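So the structure is just underneath, and the comments pick up after that.
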Amino acid sequence: MGSESLPVQTKGIFHSLPTFSPDLKNLTAIVTGANGISGFHTMRVLLESPHRWTKVWAASRRPPPTEMMDLLTADQRSRVEHVACDFLSKPEEIAKQLKDKGVTADAVFFYSYAQPKPPPGAPAWSNAQELVDTNAALLRNFLGALDVARITPKRFLLQTGAKNYGVHLGPTRTPHVESDPRVTLEPNFYYPQEDALFEWCKKHSVHWNVICPAWILGATTNAAMNALHPLAVYAAVKTHKGENLTYNGDFTSWMGVGEYSSAMLTGYLSEWAVLEDKCKDHKFNASDTSPLPMNRLWPELGRWYGCKDIDGPELDESKITAVDPGNVPTPLGYGPSRKTRFKFLLTKWAEEPENQKAWQEIMKKHNLTHNPFEDIEGHFTFGDAAAIGSANLLSMNKARCFGWTGHVDTLESLHKAYSELHLIGMLPPMVAKARPLI
């Protein structure tokens, strides 16, 4: 019996979530990359249902940090067991760890990801071939380890992302649809990962899912890919210094409507996908279905952190810097390339000693343990990309047609993420509650 014939449910700020037959029980899962933003939140989703998921194996080099695990209940923590695996090692070495722990899996959720740093000053993701070499190897080695360990799940889910649609390479056709063709302007590690998964699943008669989120929201101590985390750092420092919260982009990026993917909601969608028979061998986008432009996010960001005033986009063209990549091919296949336009960059703002000093004072005042200014490129680059880059627009038509109904208000979800980032020592507390966009 599929979830469509059952009532939907609400869990806190997450609405219209599926329910499942009680006959689905005593399942086990492997979640790789469980200390990352997506893996950790999918693990949280599975652990909410002890009748359905009796054991979750968290496979990663390091276990999820204590601060993150403290977000779980004692019962939830009791059903997680860490398996120390380096997926860049040989399949035989990974398999030994799996066998020594007695790992079993009805489903595998693969979130492992490595972000090799690009050359200094180069844009994020510019080292495309290195990303392919590293991340394709992660999945191939793990699949080989499953063979050696003789673990054959019923379903294997791989999470990729919006770069699947070439959003980082220039103007794209929106909204992005799962059937869109691959963008081959440069190497993209998602494609060899998909090909490796499809080949392995065909060989072993295993069904697959691929999930594509946009900018991901959630709380983890590894915040490099949590693109809206540096915006909260920026707002907190601005408040601490008694300054206005100044937007760093132009009018176009201020007005551009984008979508976000809450890691928890994507976890619910991922569980739904692997449990629904009709979803087997399908790719699904994952979005909150809560469009949010900067002109609505920025005022709320300021209100949450108590900034005295908000400065919107720079309207004086003489004060805008435009970086033109030149006459390069675009994912559309026609039209001009995309210029990056900004008043200033957060990466440059973060280099200023007075801002670093202000954050040190905030850390001391609120007993924080994380200093993003220690790796400016690794953290603030993605903040710039989220604040002034192109807006992601993912079509959820396919998931809707298959029966998915889940929804969360992105402002409420981001507020929850910031609240949990405070609990794990990453951000100071907010001074205002969330107001959903209704």
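Residue numbering restarts at 1 for every chain of the structure tokens, chains are lettered A, B, ... in their displayed order, and ligands are numbered from 1 as they appear.
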
**Asked** What's the 12 Å shell around Trp349 (chain A), counting only C-alpha atoms, without same-chain residues fewer than 2 positions away, as a ChimeraX atom specification?
**Response** /A:230-231,233-234,237-238,246,248,343-347,351-356,373,376-377,380-381,383-384

File of the preceding selection, N, CA and C atoms, as a PDB file, in the first residue's frame:
ATOM      1  N   PRO A 230      27.117  31.939   6.440  1.00  0.00           N
ATOM      2  CA  PRO A 230      27.897  33.176   6.519  1.00  0.00           C
ATOM      3  C   PRO A 230      27.046  34.439   6.510  1.00  0.00           C
ATOM      4  N   LEU A 231      25.827  34.368   5.991  1.00  0.00           N
ATOM      5  CA  LEU A 231      24.950  35.545   6.036  1.00  0.00           C
ATOM      6  C   LEU A 231      24.563  35.857   7.471  1.00  0.00           C
ATOM      7  N   VAL A 233      26.476  35.068  10.089  1.00  0.00           N
ATOM      8  CA  VAL A 233      27.709  35.598  10.678  1.00  0.00           C
ATOM      9  C   VAL A 233      27.835  37.082  10.356  1.00  0.00           C
ATOM     10  N   TYR A 234      27.584  37.430   9.111  1.00  0.00           N
ATOM     11  CA  TYR A 234      27.648  38.827   8.666  1.00  0.00           C
ATOM     12  C   TYR A 234      26.653  39.686   9.436  1.00  0.00           C
ATOM     13  N   VAL A 237      27.758  40.188  13.135  1.00  0.00           N
ATOM     14  CA  VAL A 237      28.866  41.137  13.262  1.00  0.00           C
ATOM     15  C   VAL A 237      28.373  42.559  13.052  1.00  0.00           C
ATOM     16  N   LYS A 238      27.502  42.751  12.063  1.00  0.00           N
ATOM     17  CA  LYS A 238      26.950  44.083  11.812  1.00  0.00           C
ATOM     18  C   LYS A 238      26.204  44.602  13.040  1.00  0.00           C
ATOM     19  N   THR A 246      23.919  45.812   5.317  1.00  0.00           N
ATOM     20  CA  THR A 246      24.010  46.288   3.938  1.00  0.00           C
ATOM     21  C   THR A 246      24.063  45.116   2.975  1.00  0.00           C
ATOM     22  N   ASN A 248      24.998  43.220  -0.366  1.00  0.00           N
ATOM     23  CA  ASN A 248      26.231  43.355  -1.140  1.00  0.00           C
ATOM     24  C   ASN A 248      26.050  43.214  -2.639  1.00  0.00           C
ATOM     25  N   LYS A 343      28.347  45.055  -5.073  1.00  0.00           N
ATOM     26  CA  LYS A 343      28.900  46.256  -4.454  1.00  0.00           C
ATOM     27  C   LYS A 343      30.176  45.903  -3.705  1.00  0.00           C
ATOM     28  N   PHE A 344      30.155  44.777  -3.015  1.00  0.00           N
ATOM     29  CA  PHE A 344      31.335  44.250  -2.339  1.00  0.00           C
ATOM     30  C   PHE A 344      31.141  42.758  -2.156  1.00  0.00           C
ATOM     31  N   LEU A 345      32.216  42.066  -1.828  1.00  0.00           N
ATOM     32  CA  LEU A 345      32.156  40.630  -1.601  1.00  0.00           C
ATOM     33  C   LEU A 345      32.322  40.331  -0.121  1.00  0.00           C
ATOM     34  N   LEU A 346      31.572  39.357   0.364  1.00  0.00           N
ATOM     35  CA  LEU A 346      31.716  38.942   1.762  1.00  0.00           C
ATOM     36  C   LEU A 346      33.115  38.396   2.036  1.00  0.00           C
ATOM     37  N   THR A 347      33.729  37.782   1.023  1.00  0.00           N
ATOM     38  CA  THR A 347      35.079  37.261   1.218  1.00  0.00           C
ATOM     39  C   THR A 347      36.059  38.403   1.522  1.00  0.00           C
ATOM     40  N   GLU A 351      37.957  39.690   5.411  1.00  0.00           N
ATOM     41  CA  GLU A 351      39.392  39.885   5.589  1.00  0.00           C
ATOM     42  C   GLU A 351      39.717  41.079   6.476  1.00  0.00           C
ATOM     43  N   GLU A 352      38.734  41.939   6.728  1.00  0.00           N
ATOM     44  CA  GLU A 352      38.995  43.154   7.493  1.00  0.00           C
ATOM     45  C   GLU A 352      39.181  42.816   8.977  1.00  0.00           C
ATOM     46  N   PRO A 353      40.304  43.246   9.560  1.00  0.00           N
ATOM     47  CA  PRO A 353      40.610  42.901  10.954  1.00  0.00           C
ATOM     48  C   PRO A 353      39.520  43.298  11.940  1.00  0.00           C
ATOM     49  N   GLU A 354      38.848  44.412  11.710  1.00  0.00           N
ATOM     50  CA  GLU A 354      37.822  44.852  12.661  1.00  0.00           C
ATOM     51  C   GLU A 354      36.636  43.894  12.697  1.00  0.00           C
ATOM     52  N   ASN A 355      36.335  43.252  11.564  1.00  0.00           N
ATOM     53  CA  ASN A 355      35.237  42.277  11.531  1.00  0.00           C
ATOM     54  C   ASN A 355      35.651  40.962  12.191  1.00  0.00           C
ATOM     55  N   GLN A 356      36.897  40.580  11.986  1.00  0.00           N
ATOM     56  CA  GLN A 356      37.403  39.386  12.650  1.00  0.00           C
ATOM     57  C   GLN A 356      37.444  39.585  14.164  1.00  0.00           C
ATOM     58  N   PHE A 373      36.130  32.749  10.119  1.00  0.00           N
ATOM     59  CA  PHE A 373      37.163  33.642   9.595  1.00  0.00           C
ATOM     60  C   PHE A 373      38.521  32.945   9.494  1.00  0.00           C
ATOM     61  N   ILE A 376      38.413  31.770   5.286  1.00  0.00           N
ATOM     62  CA  ILE A 376      37.506  32.722   4.634  1.00  0.00           C
ATOM     63  C   ILE A 376      37.022  32.199   3.291  1.00  0.00           C
ATOM     64  N   GLU A 377      37.937  31.718   2.466  1.00  0.00           N
ATOM     65  CA  GLU A 377      37.540  31.207   1.152  1.00  0.00           C
ATOM     66  C   GLU A 377      36.581  30.029   1.288  1.00  0.00           C
ATOM     67  N   PHE A 380      33.031  31.901   3.235  1.00  0.00           N
ATOM     68  CA  PHE A 380      32.323  33.077   2.732  1.00  0.00           C
ATOM     69  C   PHE A 380      32.126  33.071   1.217  1.00  0.00           C
ATOM     70  N   THR A 381      32.904  32.255   0.495  1.00  0.00           N
ATOM     71  CA  THR A 381      32.705  32.144  -0.947  1.00  0.00           C
ATOM     72  C   THR A 381      31.289  31.695  -1.266  1.00  0.00           C
ATOM     73  N   GLY A 383      28.693  32.025   0.688  1.00  0.00           N
ATOM     74  CA  GLY A 383      27.774  33.085   1.075  1.00  0.00           C
ATOM     75  C   GLY A 383      27.596  34.088  -0.034  1.00  0.00           C
ATOM     76  N   ASP A 384      28.703  34.451  -0.681  1.00  0.00           N
ATOM     77  CA  ASP A 384      28.613  35.352  -1.834  1.00  0.00           C
ATOM     78  C   ASP A 384      27.796  34.718  -2.955  1.00  0.00           C
TER      79      ASP A 384
END

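The strand (DSSP E) portion of region 180-282 of chain A consists of His207, Trp208, Asn209, Val210, Ile211, Cys212, Pro213, Trp215, Ile216, Leu217, Leu245, Thr246, Val257, Gly258, Tyr260, Ser261, Ser262 and His282 of chain A, with states taken from DSSP on the backbone.
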
Could you produce a table of the residues of region 84-154 of chain A lying within 6 Å of region 31-47 of chain A, with the nearest pair of atoms per residue and their separation in Å rounded to one decimal, using only C-alpha atoms, ordered by chain and increasing residue number, as a tab-separated table?
residue	atom	partner	partner_atom	distance
A:Phe109	CA	A:Val31	CA	4.8
A:Phe110	CA	A:Thr32	CA	5.1
A:Tyr111	CA	A:Gly33	CA	5.0
A:Ser112	CA	A:Gly33	CA	4.3

**Complete:** One decimal place gives the CA of Ile211 (chain A)-CA of His379 (chain A) separation as 24.2 Å

**Request:** List every residue of region 78-161 of chain A that DSSP, applied to the backbone of this structure, places in alpha helix (DSSP H), and write the result as a count of residues only.
**Result:** 34

**Message:** For a quick check of understanding, using only C-alpha atoms, which of A:Ala128, A:Leu414, A:Ile30, A:Ile362 has the smallest distance to Lys163 (chain A)?
**Reply:** A:Ala128

**Prompt:** For the atom pair CA of His407 (chain A) and CA of Leu269 (chain A), what is the interatomic distance in Å to one decimal place?
**Reply:** 9.9 Å

**Asked** Counting only C-alpha atoms, what is within 12 Å of region 143-154 of chain A, bar same-chain residues fewer than 5 positions away, as a VMD selection string?
**Response** chain A and resid 27 to 30 32 85 to 110 136 to 138 193 196 to 201 203 to 209 274 to 277 280 to 281
